[in-house]
$ cat data37.pdb   # PDB, C-alpha atoms
MODEL        1
ATOM      1  CA  MET E1290     -44.120 -46.944  -1.062  1.00  0.00           C
ATOM      2  CA  THR E1291     -41.606 -44.186  -1.409  1.00  0.00           C
ATOM      3  CA  GLY E1292     -38.157 -45.231  -2.608  1.00  0.00           C
ATOM      4  CA  ALA E1293     -35.010 -45.723  -0.579  1.00  0.00           C
ATOM      5  CA  ARG E1294     -32.541 -42.832  -0.420  1.00  0.00           C
ATOM      6  CA  LEU E1295     -28.780 -43.401  -0.347  1.00  0.00           C
ATOM      7  CA  LEU E1296     -26.336 -41.236   1.587  1.00  0.00           C
ATOM      8  CA  PRO E1297     -24.120 -38.935  -0.509  1.00  0.00           C
ATOM      9  CA  GLY E1298     -21.013 -40.779  -1.695  1.00  0.00           C
ATOM     10  CA  GLY E1299     -22.695 -44.149  -1.284  1.00  0.00           C
ATOM     11  CA  PRO E1300     -22.829 -46.971  -3.821  1.00  0.00           C
ATOM     12  CA  ASP E1301     -24.245 -46.539  -7.314  1.00  0.00           C
ATOM     13  CA  PRO E1302     -28.066 -46.663  -7.119  1.00  0.00           C
ATOM     14  CA  ASP E1303     -28.063 -48.168 -10.637  1.00  0.00           C
ATOM     15  CA  LEU E1304     -26.044 -51.188  -9.498  1.00  0.00           C
ATOM     16  CA  ALA E1305     -27.330 -53.928 -11.796  1.00  0.00           C
ATOM     17  CA  GLU E1306     -25.029 -56.919 -11.356  1.00  0.00           C
ATOM     18  CA  VAL E1307     -23.084 -57.672  -8.196  1.00  0.00           C
ATOM     19  CA  ASP E1308     -21.337 -60.475  -6.359  1.00  0.00           C
ATOM     20  CA  ALA E1309     -22.565 -61.418  -2.911  1.00  0.00           C
ATOM     21  CA  ALA E1310     -21.547 -63.718  -0.065  1.00  0.00           C
ATOM     22  CA  CYS E1311     -22.606 -64.657   3.435  1.00  0.00           C
ATOM     23  CA  HIS E1312     -20.373 -63.754   6.411  1.00  0.00           C
ATOM     24  CA  CYS E1313     -18.231 -66.913   6.316  1.00  0.00           C
ATOM     25  CA  GLY E1314     -18.077 -67.050   2.502  1.00  0.00           C
ATOM     26  CA  ALA E1315     -19.524 -70.574   2.264  1.00  0.00           C
ATOM     27  CA  VAL E1316     -22.425 -69.244   0.147  1.00  0.00           C
ATOM     28  CA  ARG E1317     -21.544 -67.057  -2.829  1.00  0.00           C
ATOM     29  CA  LEU E1318     -24.018 -65.593  -5.289  1.00  0.00           C
ATOM     30  CA  ARG E1319     -24.002 -63.571  -8.502  1.00  0.00           C
ATOM     31  CA  LEU E1320     -26.990 -61.223  -8.675  1.00  0.00           C
ATOM     32  CA  ARG E1321     -28.856 -59.244 -11.292  1.00  0.00           C
ATOM     33  CA  LEU E1322     -31.016 -56.690  -9.482  1.00  0.00           C
ATOM     34  CA  SER E1323     -34.429 -55.568 -10.732  1.00  0.00           C
ATOM     35  CA  ASP E1324     -33.905 -51.820 -10.325  1.00  0.00           C
ATOM     36  CA  GLY E1325     -30.559 -51.389  -8.681  1.00  0.00           C
ATOM     37  CA  LEU E1326     -30.629 -50.285  -5.060  1.00  0.00           C
ATOM     38  CA  ARG E1327     -33.837 -48.274  -5.532  1.00  0.00           C
ATOM     39  CA  THR E1328     -35.991 -51.211  -4.403  1.00  0.00           C
ATOM     40  CA  ALA E1329     -34.396 -51.345  -0.928  1.00  0.00           C
ATOM     41  CA  ARG E1330     -36.964 -51.771   1.813  1.00  0.00           C
ATOM     42  CA  ARG E1331     -37.719 -53.299   5.181  1.00  0.00           C
ATOM     43  CA  CYS E1332     -40.827 -55.109   6.396  1.00  0.00           C
ATOM     44  CA  ASP E1333     -42.491 -55.156   9.812  1.00  0.00           C
ATOM     45  CA  CYS E1334     -43.967 -58.679   9.684  1.00  0.00           C
ATOM     46  CA  SER E1335     -43.202 -60.964  12.644  1.00  0.00           C
ATOM     47  CA  PHE E1336     -40.184 -62.557  10.934  1.00  0.00           C
ATOM     48  CA  CYS E1337     -38.630 -59.515   9.243  1.00  0.00           C
ATOM     49  CA  ARG E1338     -39.058 -57.488  12.424  1.00  0.00           C
ATOM     50  CA  MET E1339     -36.709 -59.951  14.154  1.00  0.00           C
ATOM     51  CA  ARG E1340     -34.369 -60.455  11.198  1.00  0.00           C
ATOM     52  CA  GLY E1341     -33.849 -56.711  10.680  1.00  0.00           C
ATOM     53  CA  ALA E1342     -32.469 -56.911   7.135  1.00  0.00           C
ATOM     54  CA  VAL E1343     -32.775 -54.403   4.303  1.00  0.00           C
ATOM     55  CA  ALA E1344     -33.701 -56.208   1.079  1.00  0.00           C
ATOM     56  CA  VAL E1345     -33.482 -55.283  -2.610  1.00  0.00           C
ATOM     57  CA  SER E1346     -35.313 -57.033  -5.447  1.00  0.00           C
ATOM     58  CA  ALA E1347     -34.070 -59.540  -8.018  1.00  0.00           C
ATOM     59  CA  PRO E1348     -36.074 -61.546 -10.551  1.00  0.00           C
ATOM     60  CA  LEU E1349     -36.217 -65.320 -10.048  1.00  0.00           C
ATOM     61  CA  ASP E1350     -33.673 -65.774 -12.832  1.00  0.00           C
ATOM     62  CA  GLY E1351     -31.500 -63.009 -11.345  1.00  0.00           C
ATOM     63  CA  ILE E1352     -29.703 -65.171  -8.775  1.00  0.00           C
ATOM     64  CA  THR E1353     -26.939 -67.614  -9.603  1.00  0.00           C
ATOM     65  CA  ILE E1354     -25.500 -69.673  -6.766  1.00  0.00           C
ATOM     66  CA  VAL E1355     -21.776 -69.653  -7.501  1.00  0.00           C
ATOM     67  CA  ALA E1356     -20.786 -71.764  -4.488  1.00  0.00           C
ATOM     68  CA  GLY E1357     -22.347 -73.299  -1.403  1.00  0.00           C
ATOM     69  CA  ALA E1358     -25.788 -74.407  -2.598  1.00  0.00           C
ATOM     70  CA  GLU E1359     -25.514 -77.318  -0.158  1.00  0.00           C
ATOM     71  CA  GLN E1360     -24.936 -74.822   2.670  1.00  0.00           C
ATOM     72  CA  LEU E1361     -28.227 -72.985   2.071  1.00  0.00           C
ATOM     73  CA  ALA E1362     -31.012 -73.854   4.489  1.00  0.00           C
ATOM     74  CA  GLU E1363     -34.575 -72.611   4.187  1.00  0.00           C
ATOM     75  CA  TYR E1364     -37.238 -71.472   6.588  1.00  0.00           C
ATOM     76  CA  ARG E1365     -40.974 -71.141   5.960  1.00  0.00           C
ATOM     77  CA  PHE E1366     -43.758 -70.148   8.312  1.00  0.00           C
ATOM     78  CA  ASN E1367     -47.467 -69.237   8.378  1.00  0.00           C
ATOM     79  CA  THR E1368     -48.698 -69.708   4.771  1.00  0.00           C
ATOM     80  CA  ARG E1369     -45.337 -71.307   3.836  1.00  0.00           C
ATOM     81  CA  THR E1370     -45.330 -69.263   0.601  1.00  0.00           C
ATOM     82  CA  ALA E1371     -42.219 -67.198   1.310  1.00  0.00           C
ATOM     83  CA  VAL E1372     -39.001 -69.218   1.255  1.00  0.00           C
ATOM     84  CA  HIS E1373     -36.249 -67.647   3.386  1.00  0.00           C
ATOM     85  CA  HIS E1374     -32.674 -68.836   2.683  1.00  0.00           C
ATOM     86  CA  PHE E1375     -29.736 -68.600   5.058  1.00  0.00           C
ATOM     87  CA  CYS E1376     -26.241 -70.054   5.410  1.00  0.00           C
ATOM     88  CA  ARG E1377     -26.091 -73.199   7.571  1.00  0.00           C
ATOM     89  CA  VAL E1378     -22.540 -72.299   8.662  1.00  0.00           C
ATOM     90  CA  CYS E1379     -22.744 -68.637   9.771  1.00  0.00           C
ATOM     91  CA  GLY E1380     -26.530 -68.166   9.885  1.00  0.00           C
ATOM     92  CA  ILE E1381     -26.646 -65.088   7.657  1.00  0.00           C
ATOM     93  CA  TYR E1382     -29.892 -64.544   5.743  1.00  0.00           C
ATOM     94  CA  THR E1383     -29.045 -64.305   2.040  1.00  0.00           C
ATOM     95  CA  HIS E1384     -32.357 -64.043   0.178  1.00  0.00           C
ATOM     96  CA  HIS E1385     -35.992 -65.068   0.100  1.00  0.00           C
ATOM     97  CA  GLN E1386     -38.696 -65.739  -2.446  1.00  0.00           C
ATOM     98  CA  ARG E1387     -41.352 -63.212  -1.552  1.00  0.00           C
ATOM     99  CA  ARG E1388     -44.888 -63.933  -0.476  1.00  0.00           C
ATOM    100  CA  SER E1389     -46.014 -60.532  -1.771  1.00  0.00           C
ATOM    101  CA  ASN E1390     -44.565 -61.349  -5.200  1.00  0.00           C
ATOM    102  CA  PRO E1391     -43.463 -64.988  -5.612  1.00  0.00           C
ATOM    103  CA  ASP E1392     -41.943 -64.044  -8.999  1.00  0.00           C
ATOM    104  CA  GLU E1393     -39.070 -62.215  -7.314  1.00  0.00           C
ATOM    105  CA  TYR E1394     -36.492 -62.538  -4.590  1.00  0.00           C
ATOM    106  CA  GLY E1395     -35.673 -60.159  -1.816  1.00  0.00           C
ATOM    107  CA  VAL E1396     -31.881 -60.078  -1.305  1.00  0.00           C
ATOM    108  CA  ASN E1397     -30.121 -58.964   1.872  1.00  0.00           C
ATOM    109  CA  VAL E1398     -28.152 -55.807   0.946  1.00  0.00           C
ATOM    110  CA  ALA E1399     -25.586 -56.636   3.639  1.00  0.00           C
ATOM    111  CA  ILE E1400     -24.299 -59.561   1.534  1.00  0.00           C
ATOM    112  CA  LEU E1401     -23.734 -57.406  -1.583  1.00  0.00           C
ATOM    113  CA  LYS E1402     -20.100 -56.604  -2.312  1.00  0.00           C
ATOM    114  CA  ASP E1403     -19.272 -53.002  -1.290  1.00  0.00           C
ATOM    115  CA  VAL E1404     -22.834 -52.265  -0.080  1.00  0.00           C
ATOM    116  CA  SER E1405     -24.000 -51.802   3.516  1.00  0.00           C
ATOM    117  CA  PRO E1406     -27.412 -51.175   5.063  1.00  0.00           C
ATOM    118  CA  PHE E1407     -25.756 -48.054   6.504  1.00  0.00           C
ATOM    119  CA  ASP E1408     -25.303 -46.638   2.989  1.00  0.00           C
ATOM    120  CA  PHE E1409     -29.004 -45.707   3.045  1.00  0.00           C
ATOM    121  CA  ALA E1410     -30.249 -42.478   4.608  1.00  0.00           C
ATOM    122  CA  GLU E1411     -33.876 -43.632   4.363  1.00  0.00           C
ATOM    123  CA  ILE E1412     -35.485 -47.034   3.922  1.00  0.00           C
ATOM    124  CA  PRO E1413     -39.241 -47.473   3.433  1.00  0.00           C
ATOM    125  CA  VAL E1414     -40.831 -50.058   5.733  1.00  0.00           C
ATOM    126  CA  GLY E1415     -43.624 -52.152   4.250  1.00  0.00           C
ATOM    127  CA  ASN E1416     -46.677 -53.024   6.305  1.00  0.00           C
ATOM    128  CA  GLY E1417     -46.139 -56.765   6.737  1.00  0.00           C
ATOM    129  CA  ARG E1418     -48.329 -56.963   9.835  1.00  0.00           C
ATOM    130  CA  CYS E1419     -51.274 -56.537   7.485  1.00  0.00           C
ATOM    131  CA  HIS E1420     -49.635 -58.304   4.539  1.00  0.00           C
ATOM    132  CA  PRO E1421     -50.354 -57.214   0.941  1.00  0.00           C
ATOM    133  CA  SER E1422     -51.363 -60.803   0.116  1.00  0.00           C
ATOM    134  CA  ASP E1423     -54.037 -60.547   2.822  1.00  0.00           C
ATOM    135  CA  GLY E1424     -55.530 -57.318   1.480  1.00  0.00           C
ATOM    136  CA  GLY E1425     -53.328 -54.925   3.440  1.00  0.00           C
ATOM    137  CA  GLY E1426     -49.906 -53.552   2.735  1.00  0.00           C
ATOM    138  CA  GLY E1427     -48.677 -50.089   1.966  1.00  0.00           C
ATOM    139  CA  GLN E1428     -45.979 -48.243   3.812  1.00  0.00           C
ATOM    140  CA  ALA E1429     -45.812 -48.597   7.587  1.00  0.00           C
ATOM    141  CA  GLY E1430     -43.057 -46.020   7.994  1.00  0.00           C
ATOM    142  CA  THR E1431     -39.518 -44.994   7.113  1.00  0.00           C
ATOM    143  CA  LEU E1432     -36.255 -45.924   8.837  1.00  0.00           C
ATOM    144  CA  THR E1433     -33.607 -43.226   8.821  1.00  0.00           C
ATOM    145  CA  TYR E1434     -29.871 -43.344   9.418  1.00  0.00           C
ATOM    146  CA  ARG E1435     -27.715 -40.326  10.153  1.00  0.00           C
ATOM    147  CA  PRO E1436     -23.978 -40.933  10.554  1.00  0.00           C
ATOM    148  CA  ALA E1437     -22.382 -39.247  13.548  1.00  0.00           C
ATOM    149  CA  PRO E1438     -20.402 -36.090  12.722  1.00  0.00           C
ATOM    150  CA  ALA E1439     -16.765 -36.816  11.922  1.00  0.00           C
TER     151      ALA E1439
ENDMDL
END
$ encode --input "data37.pdb" --output "C-alpha cells"
Amino acid sequence: MTGARLLPGGPDPDLAEVDAACHCGAVRLRLRLSDGLRTARRCDCSFCRMRGAVAVSAPLDGITIVAGAEQLAEYRFNTRTAVHHFCRVCGIYTHHQRRSNPDEYGVNVAILKDVSPFDFAEIPVGNGRCHPSDGGGGQAGTLTYRPAPA
C-alpha cells in the first residue's frame, strides 16, 4: 500500500511517543508508534467500514494503559482473532490487535494528543473485504481530504 500523506503544517510524521485518551478521558494511554504517522490507513472490512477510524501501528509492547483499564471493553467477530478495544463510558474505539498482524496494534489516530484524522490529505484503504489473512489484501483505494478555502 502507498503511505499516508499529511497536510502541510500538520503534525510531525516522525511522531514516536504520544499520549492518547478517549473522548471522556476515562481511558488514557501512552503509545510508542512503529513508524510515526506514516502507517496511517483505513480498512474496508465490514467492521472498519462502519467504525470509520484511521489507524496507525504500534508494537504489542508499544501501548501502556495509564488509566482506565477497567473501562476498556472488547469486541471480536468472525474469526475472533482481532481484538477491538473501546471505552465503556463514551464508546470511542481506542485500539485493536490486528488480524492481519497479531503482533501489532492499530491505534485510532483521533485519540492521539494533537492529531486528527483531518490532518491527513490522503489515507490508503486496505482491502479488508478480501482480508490479507484469507489470501487477499492489497490496497482497495485512497481516501482524500481537502480543507475548504479559508
$ residues_near_point --input "data37.pdb" --point "(-32.1, -60.3, 0.7)" --cutoff "7 Å" --atoms "only C-alpha atoms" --output "NGL selection string"
:E and (1343-1345 or 1382-1385 or 1395-1398)
$ residues_near_point --input "data37.pdb" --point "(-28.8, -47.7, -7.7)" --cutoff "6 Å" --atoms "only C-alpha atoms" --output "list in words"
Asp1301, Pro1302, Asp1303, Leu1304, Gly1325, Leu1326 and Arg1327 of chain E
$ resolve_selection --input "data37.pdb" --expression "the PyMOL selection byres ((chain E and resi 1348) around 8)" --output "PyMOL selection string"
chain E and resi 1321-1323+1346-1347+1349-1352+1392-1394
$ residues_around --input "data37.pdb" --residues "Arg1294 (chain E)" --least-positions-apart "5" --cutoff "10 Å" --atoms "only C-alpha atoms" --output "number ranges by chain"
E: 1299, 1302, 1326-1329, 1408-1413, 1433
$ resolve_selection --input "data37.pdb" --expression "the PyMOL selection byres ((chain E and resi 1360) around 8)" --output "ChimeraX atom specification"
/E:1315-1316,1357-1359,1361-1362,1376-1378
$ closest_residue --input "data37.pdb" --among "E:Ala1399, E:Pro1436, E:Arg1387, E:Val1404" --to "Cys1332 (chain E)" --atoms "all atoms listed in the file"
E:Arg1387
$ closest_residue --input "data37.pdb" --among "E:Glu1363, E:Cys1311, E:Ala1305, E:Gly1424" --to "Asp1324 (chain E)" --atoms "all atoms listed in the file"
E:Ala1305
$ resolve_selection --input "data37.pdb" --expression "the PyMOL selection byres ((chain E and resi 1371) around 6)" --output "VMD selection string"
chain E and resid 1369 to 1370 1372 1386 to 1388
$ atom_distance --input "data37.pdb" --atom1 "CA of Gly1292 (chain E)" --atom2 "CA of Phe1336 (chain E)"
22.1 Å
$ closest_residue --input "data37.pdb" --among "E:Val1307, E:Cys1419, E:Val1355, E:Ala1293" --to "Arg1330 (chain E)" --atoms "only C-alpha atoms"
E:Ala1293
$ atom_distance --input "data37.pdb" --atom1 "CA of Arg1338 (chain E)" --atom2 "CA of Gly1417 (chain E)"
9.1 Å
$ closest_residue --input "data37.pdb" --among "E:Pro1300, E:Asp1308, E:Thr1291, E:Phe1366" --to "Leu1432 (chain E)" --atoms "only C-alpha atoms"
E:Thr1291
$ closest_residue --input "data37.pdb" --among "E:Leu1401, E:Ala1437, E:Ala1342, E:Ile1354" --to "Val1414 (chain E)" --atoms "all atoms listed in the file"
E:Ala1342
$ decode --input "data37.pdb" --residues "region 1404-1423 of chain E" --atoms "N, CA and C atoms" --output "PDB file, in the first residue's frame"
ATOM      1  N   VAL E1404      -3.409  15.260  17.311  1.00  0.00           N
ATOM      2  CA  VAL E1404      -3.500  14.649  15.986  1.00  0.00           C
ATOM      3  C   VAL E1404      -4.979  14.446  15.666  1.00  0.00           C
ATOM      4  N   SER E1405      -5.332  14.669  14.405  1.00  0.00           N
ATOM      5  CA  SER E1405      -6.711  14.489  13.943  1.00  0.00           C
ATOM      6  C   SER E1405      -6.704  13.700  12.642  1.00  0.00           C
ATOM      7  N   PRO E1406      -7.742  12.924  12.382  1.00  0.00           N
ATOM      8  CA  PRO E1406      -7.835  12.272  11.073  1.00  0.00           C
ATOM      9  C   PRO E1406      -7.836  13.290   9.929  1.00  0.00           C
ATOM     10  N   PHE E1407      -8.222  14.528  10.228  1.00  0.00           N
ATOM     11  CA  PHE E1407      -8.276  15.571   9.207  1.00  0.00           C
ATOM     12  C   PHE E1407      -6.934  16.268   9.009  1.00  0.00           C
ATOM     13  N   ASP E1408      -5.887  15.750   9.632  1.00  0.00           N
ATOM     14  CA  ASP E1408      -4.516  16.199   9.372  1.00  0.00           C
ATOM     15  C   ASP E1408      -3.933  15.496   8.151  1.00  0.00           C
ATOM     16  N   PHE E1409      -4.629  14.502   7.631  1.00  0.00           N
ATOM     17  CA  PHE E1409      -4.120  13.688   6.524  1.00  0.00           C
ATOM     18  C   PHE E1409      -4.797  14.086   5.213  1.00  0.00           C
ATOM     19  N   ALA E1410      -3.992  14.382   4.217  1.00  0.00           N
ATOM     20  CA  ALA E1410      -4.522  14.688   2.883  1.00  0.00           C
ATOM     21  C   ALA E1410      -4.947  13.407   2.172  1.00  0.00           C
ATOM     22  N   GLU E1411      -4.192  12.328   2.399  1.00  0.00           N
ATOM     23  CA  GLU E1411      -4.507  11.041   1.768  1.00  0.00           C
ATOM     24  C   GLU E1411      -4.272   9.910   2.756  1.00  0.00           C
ATOM     25  N   ILE E1412      -5.192   8.957   2.741  1.00  0.00           N
ATOM     26  CA  ILE E1412      -5.105   7.774   3.592  1.00  0.00           C
ATOM     27  C   ILE E1412      -5.334   6.548   2.709  1.00  0.00           C
ATOM     28  N   PRO E1413      -4.379   5.610   2.671  1.00  0.00           N
ATOM     29  CA  PRO E1413      -4.626   4.380   1.922  1.00  0.00           C
ATOM     30  C   PRO E1413      -5.700   3.539   2.621  1.00  0.00           C
ATOM     31  N   VAL E1414      -6.507   2.862   1.835  1.00  0.00           N
ATOM     32  CA  VAL E1414      -7.562   1.993   2.352  1.00  0.00           C
ATOM     33  C   VAL E1414      -7.219   0.554   1.984  1.00  0.00           C
ATOM     34  N   GLY E1415      -7.033  -0.273   3.010  1.00  0.00           N
ATOM     35  CA  GLY E1415      -6.707  -1.676   2.788  1.00  0.00           C
ATOM     36  C   GLY E1415      -7.935  -2.476   2.404  1.00  0.00           C
ATOM     37  N   ASN E1416      -7.721  -3.482   1.575  1.00  0.00           N
ATOM     38  CA  ASN E1416      -8.806  -4.353   1.132  1.00  0.00           C
ATOM     39  C   ASN E1416      -9.113  -5.372   2.224  1.00  0.00           C
ATOM     40  N   GLY E1417     -10.014  -5.022   3.124  1.00  0.00           N
ATOM     41  CA  GLY E1417     -10.426  -5.916   4.198  1.00  0.00           C
ATOM     42  C   GLY E1417     -11.587  -6.801   3.813  1.00  0.00           C
ATOM     43  N   ARG E1418     -12.243  -6.490   2.692  1.00  0.00           N
ATOM     44  CA  ARG E1418     -13.334  -7.355   2.221  1.00  0.00           C
ATOM     45  C   ARG E1418     -12.794  -8.699   1.767  1.00  0.00           C
ATOM     46  N   CYS E1419     -11.586  -8.667   1.229  1.00  0.00           N
ATOM     47  CA  CYS E1419     -10.851  -9.886   0.875  1.00  0.00           C
ATOM     48  C   CYS E1419      -9.578  -9.824   1.711  1.00  0.00           C
ATOM     49  N   HIS E1420      -9.707 -10.189   2.980  1.00  0.00           N
ATOM     50  CA  HIS E1420      -8.691  -9.962   4.007  1.00  0.00           C
ATOM     51  C   HIS E1420      -7.348 -10.604   3.669  1.00  0.00           C
ATOM     52  N   PRO E1421      -6.236  -9.923   4.014  1.00  0.00           N
ATOM     53  CA  PRO E1421      -4.906 -10.488   3.777  1.00  0.00           C
ATOM     54  C   PRO E1421      -4.718 -11.879   4.400  1.00  0.00           C
ATOM     55  N   SER E1422      -5.345 -12.113   5.545  1.00  0.00           N
ATOM     56  CA  SER E1422      -5.225 -13.424   6.197  1.00  0.00           C
ATOM     57  C   SER E1422      -5.994 -14.514   5.457  1.00  0.00           C
ATOM     58  N   ASP E1423      -6.836 -14.111   4.510  1.00  0.00           N
ATOM     59  CA  ASP E1423      -7.596 -15.067   3.705  1.00  0.00           C
ATOM     60  C   ASP E1423      -7.058 -15.166   2.281  1.00  0.00           C
TER      61      ASP E1423
END
